[in-house]
$ cat structure.csv   # CSV, C-alpha atoms
chain,number,residue,atom,x,y,z
A,1,MET,CA,28.9,161.1,137.4
A,2,SER,CA,31.1,163.6,135.6
A,3,VAL,CA,34.7,163.2,134.4
A,4,PRO,CA,37.1,166.0,135.3
A,5,ASP,CA,38.3,168.1,132.3
A,6,GLY,CA,42.0,167.0,132.8
A,7,LYS,CA,41.1,163.3,132.6
A,8,MET,CA,38.9,163.9,129.6
A,9,ARG,CA,41.7,165.8,127.8
A,10,CYS,CA,44.1,163.0,128.6
A,11,VAL,CA,41.8,160.3,127.3
A,12,ALA,CA,41.2,162.4,124.1
A,13,MET,CA,44.9,162.9,123.6
A,14,CYS,CA,45.6,159.2,124.0
A,15,LEU,CA,42.8,158.4,121.5
A,16,LEU,CA,44.3,160.8,119.0
A,17,LEU,CA,47.7,159.4,119.4
A,18,PHE,CA,46.4,155.9,118.9
A,19,LEU,CA,44.6,156.9,115.8
A,20,ALA,CA,47.6,158.8,114.4
A,21,VAL,CA,50.1,156.0,115.1
A,22,GLY,CA,48.3,152.8,115.7
A,23,CYS,CA,45.9,153.0,112.7
A,24,GLY,CA,48.2,154.4,110.2
A,25,GLY,CA,48.7,151.0,108.5
A,26,SER,CA,51.2,148.3,109.0
A,27,THR,CA,54.9,148.9,108.1
A,28,GLY,CA,56.0,146.3,105.6
A,29,ARG,CA,59.3,144.7,104.6
A,30,PHE,CA,60.1,144.9,100.9
A,31,ASP,CA,62.8,143.8,98.5
A,32,VAL,CA,64.4,147.1,97.5
A,33,VAL,CA,66.0,146.8,94.1
A,34,VAL,CA,68.3,149.7,93.2
A,35,SER,CA,69.7,149.9,89.6
A,36,MET,CA,71.9,152.2,87.7
A,37,ASP,CA,69.9,153.8,84.9
A,38,LYS,CA,70.6,152.6,81.3
A,39,ALA,CA,72.0,156.0,80.4
A,40,TRP,CA,74.9,155.5,82.8
A,41,LEU,CA,75.6,152.1,81.2
A,42,ASP,CA,75.5,153.4,77.7
A,43,GLN,CA,78.2,155.9,78.4
A,44,GLY,CA,80.7,153.1,78.9
A,45,ALA,CA,82.4,153.8,82.3
A,46,LEU,CA,80.1,153.4,85.2
A,47,PRO,CA,80.6,156.2,87.8
A,48,SER,CA,81.1,155.6,91.5
A,49,VAL,CA,77.7,156.1,93.1
A,50,GLU,CA,76.9,155.4,96.7
A,51,VAL,CA,73.3,154.8,97.8
A,52,HIS,CA,72.1,154.9,101.5
A,53,LEU,CA,68.8,153.4,102.5
A,54,VAL,CA,67.5,154.7,105.8
A,55,GLY,CA,64.5,153.8,107.8
A,56,VAL,CA,63.0,157.0,109.3
A,57,ASN,CA,60.3,157.4,111.9
A,58,ILE,CA,57.8,160.3,112.1
A,59,SER,CA,59.9,162.3,114.7
A,60,GLU,CA,63.1,162.0,112.6
A,61,TYR,CA,61.3,162.9,109.3
A,62,PRO,CA,61.7,166.7,109.5
A,63,ASN,CA,65.5,166.4,110.1
A,64,TRP,CA,66.1,163.9,107.3
A,65,SER,CA,63.8,165.7,104.8
A,66,LYS,CA,65.5,169.1,105.4
A,67,MET,CA,69.1,167.8,105.7
A,68,SER,CA,71.5,169.3,103.1
A,69,MET,CA,72.5,166.4,100.8
A,70,THR,CA,75.8,168.1,100.1
A,71,THR,CA,76.7,168.2,103.8
A,72,TYR,CA,75.4,164.7,104.3
A,73,TRP,CA,77.6,163.3,101.6
A,74,LYS,CA,80.7,165.2,102.8
A,75,GLU,CA,80.1,163.8,106.3
A,76,ALA,CA,79.3,160.3,104.9
A,77,SER,CA,82.6,160.2,103.1
A,78,ARG,CA,84.4,160.5,106.5
A,79,ALA,CA,82.1,158.1,108.3
A,80,ASP,CA,83.1,154.5,108.9
A,81,GLY,CA,79.7,153.0,107.9
A,82,SER,CA,78.8,151.9,111.4
A,83,ASN,CA,75.4,153.6,111.6
A,84,PRO,CA,73.1,150.6,112.1
A,85,LYS,CA,70.1,152.4,110.6
A,86,VAL,CA,71.8,152.9,107.2
A,87,TYR,CA,72.1,150.2,104.5
A,88,ILE,CA,74.8,151.0,102.1
A,89,MET,CA,75.1,150.1,98.4
A,90,LYS,CA,78.1,151.0,96.3
A,91,PHE,CA,78.0,151.1,92.5
A,92,GLY,CA,80.8,151.6,90.0
A,93,GLN,CA,83.4,149.8,87.9
A,94,GLY,CA,83.5,146.1,88.8
A,95,LYS,CA,80.4,146.3,91.0
A,96,PRO,CA,76.9,145.0,90.2
A,97,GLU,CA,74.7,147.6,88.4
A,98,THR,CA,71.7,146.3,90.2
A,99,GLN,CA,71.7,145.6,93.9
A,100,THR,CA,69.0,144.4,96.3
A,101,LEU,CA,68.2,145.0,100.0
A,102,PRO,CA,66.2,141.8,100.6
A,103,LYS,CA,63.2,141.9,102.9
A,104,SER,CA,64.9,139.2,105.0
A,105,ASP,CA,67.8,141.5,105.9
A,106,PRO,CA,68.3,142.2,109.6
A,107,ILE,CA,68.1,146.0,109.0
A,108,TRP,CA,64.3,145.7,108.6
A,109,LYS,CA,64.1,144.5,112.2
A,110,ILE,CA,66.2,147.6,113.3
A,111,TRP,CA,63.9,149.9,111.3
A,112,LYS,CA,60.7,148.2,112.8
A,113,GLU,CA,62.0,148.5,116.3
A,114,GLY,CA,62.7,152.2,115.6
A,115,TYR,CA,59.1,152.7,114.3
A,116,SER,CA,60.3,153.6,110.9
A,117,GLN,CA,57.5,154.7,108.6
A,118,TYR,CA,59.5,156.0,105.7
A,119,LEU,CA,62.4,154.7,103.5
A,120,PHE,CA,64.8,157.5,102.6
A,121,VAL,CA,66.9,156.7,99.5
A,122,LEU,CA,69.9,159.0,99.5
A,123,ALA,CA,72.3,158.9,96.5
A,124,ASP,CA,75.7,160.5,96.0
A,125,ILE,CA,75.4,161.0,92.3
A,126,PRO,CA,78.1,162.8,90.2
A,127,GLY,CA,77.0,166.2,89.0
A,128,VAL,CA,76.1,169.7,90.3
A,129,TYR,CA,73.0,169.9,92.5
A,130,VAL,CA,71.3,172.6,94.5
A,131,ASP,CA,70.3,171.5,98.1
A,132,GLU,CA,66.6,171.4,98.4
A,133,SER,CA,64.1,169.9,101.0
A,134,GLY,CA,62.4,166.6,100.7
A,135,ASP,CA,62.0,165.0,97.2
A,136,ALA,CA,62.8,168.3,95.5
A,137,ASP,CA,66.5,167.3,95.9
A,138,ALA,CA,67.2,164.9,93.1
A,139,ARG,CA,69.6,163.0,95.4
A,140,ARG,CA,66.8,162.1,97.9
A,141,LEU,CA,63.7,160.0,97.5
A,142,ILE,CA,61.2,159.5,100.3
A,143,LEU,CA,58.9,156.5,100.2
A,144,PRO,CA,56.3,155.2,102.6
A,145,LEU,CA,56.8,151.9,104.3
A,146,ASP,CA,53.1,151.5,104.9
A,147,VAL,CA,51.9,148.3,103.1
A,148,GLY,CA,48.6,149.9,102.2
A,149,SER,CA,50.4,152.6,100.1
A,150,TRP,CA,52.0,149.9,98.0
A,151,ARG,CA,48.8,147.9,97.5
A,152,LYS,CA,47.5,150.8,95.6
A,153,ALA,CA,50.6,151.3,93.4
A,154,LYS,CA,50.1,151.2,89.7
A,155,TYR,CA,53.0,149.1,88.7
A,156,VAL,CA,53.3,146.6,91.5
A,157,PRO,CA,51.8,143.2,90.7
A,158,VAL,CA,49.4,141.9,93.4
A,159,GLY,CA,51.3,139.7,95.9
A,160,THR,CA,54.7,141.2,95.3
A,161,SER,CA,56.7,143.3,97.8
A,162,VAL,CA,59.4,144.9,95.6
A,163,ILE,CA,60.3,148.5,95.5
A,164,GLN,CA,62.2,149.4,92.3
A,165,ILE,CA,64.6,152.4,92.4
A,166,ASP,CA,66.5,153.8,89.5
A,167,VAL,CA,69.6,156.1,89.8
A,168,ALA,CA,69.6,158.3,86.7
A,169,LYS,CA,72.0,160.9,85.3
A,170,PRO,CA,71.5,164.6,86.3
A,171,PRO,CA,69.1,166.3,86.5
A,172,SER,CA,66.8,163.3,87.1
A,173,GLY,CA,68.6,161.7,90.1
A,174,VAL,CA,67.0,159.0,92.1
A,175,TYR,CA,63.4,157.9,91.5
A,176,CYS,CA,61.0,155.1,92.0
A,177,LEU,CA,60.0,153.0,89.0
A,178,ASN,CA,56.9,151.6,90.7
A,179,PRO,CA,55.7,154.4,92.9
A,180,PRO,CA,52.9,154.0,95.5
A,181,ALA,CA,49.6,155.7,94.8
A,182,GLY,CA,49.9,159.5,94.9
A,183,LYS,CA,53.8,159.5,94.6
A,184,VAL,CA,55.1,161.4,91.6
A,185,LYS,CA,58.9,161.0,91.9
$ encode --input "structure.csv" --output "structure tokens"
Amino acid sequence: MSVPDGKMRCVAMCLLLFLAVGCGGSTGRFDVVVSMDKAWLDQGALPSVEVHLVGVNISEYPNWSKMSMTTYWKEASRADGSNPKVYIMKFGQGKPETQTLPKSDPIWKIWKEGYSQYLFVLADIPGVYVDESGDADARRLILPLDVGSWRKAKYVPVGTSVIQIDVAKPPSGVYCLNPPAGKVK
């Protein structure tokens, strides 16, 4: 008995889709700890810095990675903060210099339901920056939410689920203190 070419192609496409999406690893929940770098604290007055954490799925990834950070932050300043996919942290005088998005926060459910595979960390940091794509822009950090990536991280003790992020003065920008395997920034 032979299988028509169209059905075979359909089966092959479904199998590829399953392998690409279903076997990519499980998306985890993490405590995301964001801190102002010590250099900011040493200068005396802590600047106003806003950090947005966004769960992004594979189809949204190209738009979020190519988006102009300058334009994003101009538009964000006019927004009312009602985007349910964005977790907002505000730093500055009278605000905590370290803040945490706990793994128990309801936003993780929203991100999971949206099939988020990446955590985008976007920081509105004082200074002059050139808009660049992806992690090349110092105001944007892209991290995987795949649990397997973090199991291989150099600086993450076994059994923990903490992502540590630092917001540094220009030109460093935002970076991960305990990056997953293969992550440079």
$ closest_residue --input "structure.csv" --among "A:Cys176, A:Glu97, A:Lys109, A:Asp131" --to "Trp40 (chain A)" --atoms "all atoms listed in the file"
A:Glu97
$ residues_around --input "structure.csv" --residues "Ser68 (chain A)" --least-positions-apart "4" --cutoff "8 Å" --atoms "all atoms listed in the file" --output "ChimeraX atom specification"
/A:72,131-133
$ closest_residue --input "structure.csv" --among "A:Val130, A:Ile88, A:Met69, A:Val54" --to "Ile110 (chain A)" --atoms "all atoms listed in the file"
A:Val54
$ closest_residue --input "structure.csv" --among "A:Gly55, A:Gly127, A:Pro62, A:Gly94" --to "Gly114 (chain A)" --atoms "all atoms listed in the file"
A:Gly55
$ closest_atom_pairs --input "structure.csv" --of "region 99-122 of chain A" --to "region 137-149 of chain A" --cutoff "12 Å" --atoms "only C-alpha atoms" --output "JSON lines"
{"residue": "A:Lys103", "atom": "CA", "partner": "A:Leu145", "partner_atom": "CA", "distance": 12.0}
{"residue": "A:Trp108", "atom": "CA", "partner": "A:Leu145", "partner_atom": "CA", "distance": 10.6}
{"residue": "A:Trp111", "atom": "CA", "partner": "A:Leu145", "partner_atom": "CA", "distance": 10.2}
{"residue": "A:Lys112", "atom": "CA", "partner": "A:Leu145", "partner_atom": "CA", "distance": 10.1}
{"residue": "A:Tyr115", "atom": "CA", "partner": "A:Leu145", "partner_atom": "CA", "distance": 10.3}
{"residue": "A:Ser116", "atom": "CA", "partner": "A:Leu145", "partner_atom": "CA", "distance": 7.7}
{"residue": "A:Gln117", "atom": "CA", "partner": "A:Leu145", "partner_atom": "CA", "distance": 5.2}
{"residue": "A:Tyr118", "atom": "CA", "partner": "A:Pro144", "partner_atom": "CA", "distance": 4.5}
{"residue": "A:Leu119", "atom": "CA", "partner": "A:Leu143", "partner_atom": "CA", "distance": 5.1}
{"residue": "A:Phe120", "atom": "CA", "partner": "A:Ile142", "partner_atom": "CA", "distance": 4.7}
{"residue": "A:Val121", "atom": "CA", "partner": "A:Leu141", "partner_atom": "CA", "distance": 5.0}
{"residue": "A:Leu122", "atom": "CA", "partner": "A:Arg140", "partner_atom": "CA", "distance": 4.7}
$ write_last_selection --input "structure.csv" --atoms "C-alpha atoms" --output "PDB file, in the frame of the given file"
ATOM      1  CA  LYS A 103      63.200 141.900 102.900  1.00  0.00           C
ATOM      2  CA  TRP A 108      64.300 145.700 108.600  1.00  0.00           C
ATOM      3  CA  TRP A 111      63.900 149.900 111.300  1.00  0.00           C
ATOM      4  CA  LYS A 112      60.700 148.200 112.800  1.00  0.00           C
ATOM      5  CA  TYR A 115      59.100 152.700 114.300  1.00  0.00           C
ATOM      6  CA  SER A 116      60.300 153.600 110.900  1.00  0.00           C
ATOM      7  CA  GLN A 117      57.500 154.700 108.600  1.00  0.00           C
ATOM      8  CA  TYR A 118      59.500 156.000 105.700  1.00  0.00           C
ATOM      9  CA  LEU A 119      62.400 154.700 103.500  1.00  0.00           C
ATOM     10  CA  PHE A 120      64.800 157.500 102.600  1.00  0.00           C
ATOM     11  CA  VAL A 121      66.900 156.700  99.500  1.00  0.00           C
ATOM     12  CA  LEU A 122      69.900 159.000  99.500  1.00  0.00           C
TER      13      LEU A 122
END
$ closest_residue --input "structure.csv" --among "A:Lys74, A:Lys90, A:Lys85, A:Lys95" --to "Glu113 (chain A)" --atoms "all atoms listed in the file"
A:Lys85
$ atom_distance --input "structure.csv" --atom1 "CA of Pro102 (chain A)" --atom2 "CA of Ala136 (chain A)"
27.2 Å
$ residues_around --input "structure.csv" --residues "Leu101 (chain A)" --least-positions-apart "3" --cutoff "8 Å" --atoms "only C-alpha atoms" --output "VMD selection string"
chain A and resid 31 to 33 87 105
$ atom_distance --input "structure.csv" --atom1 "CA of Asp37 (chain A)" --atom2 "CA of Pro179 (chain A)"
16.3 Å
$ atom_distance --input "structure.csv" --atom1 "CA of Ala79 (chain A)" --atom2 "CA of Ser59 (chain A)"
23.5 Å
$ closest_residue --input "structure.csv" --among "A:Glu50, A:Glu75, A:Glu60, A:Asp124" --to "Phe91 (chain A)" --atoms "all atoms listed in the file"
A:Glu50
$ closest_residue --input "structure.csv" --among "A:Leu46, A:Met67, A:Ala76, A:Ile125" --to "Gln93 (chain A)" --atoms "all atoms listed in the file"
A:Leu46
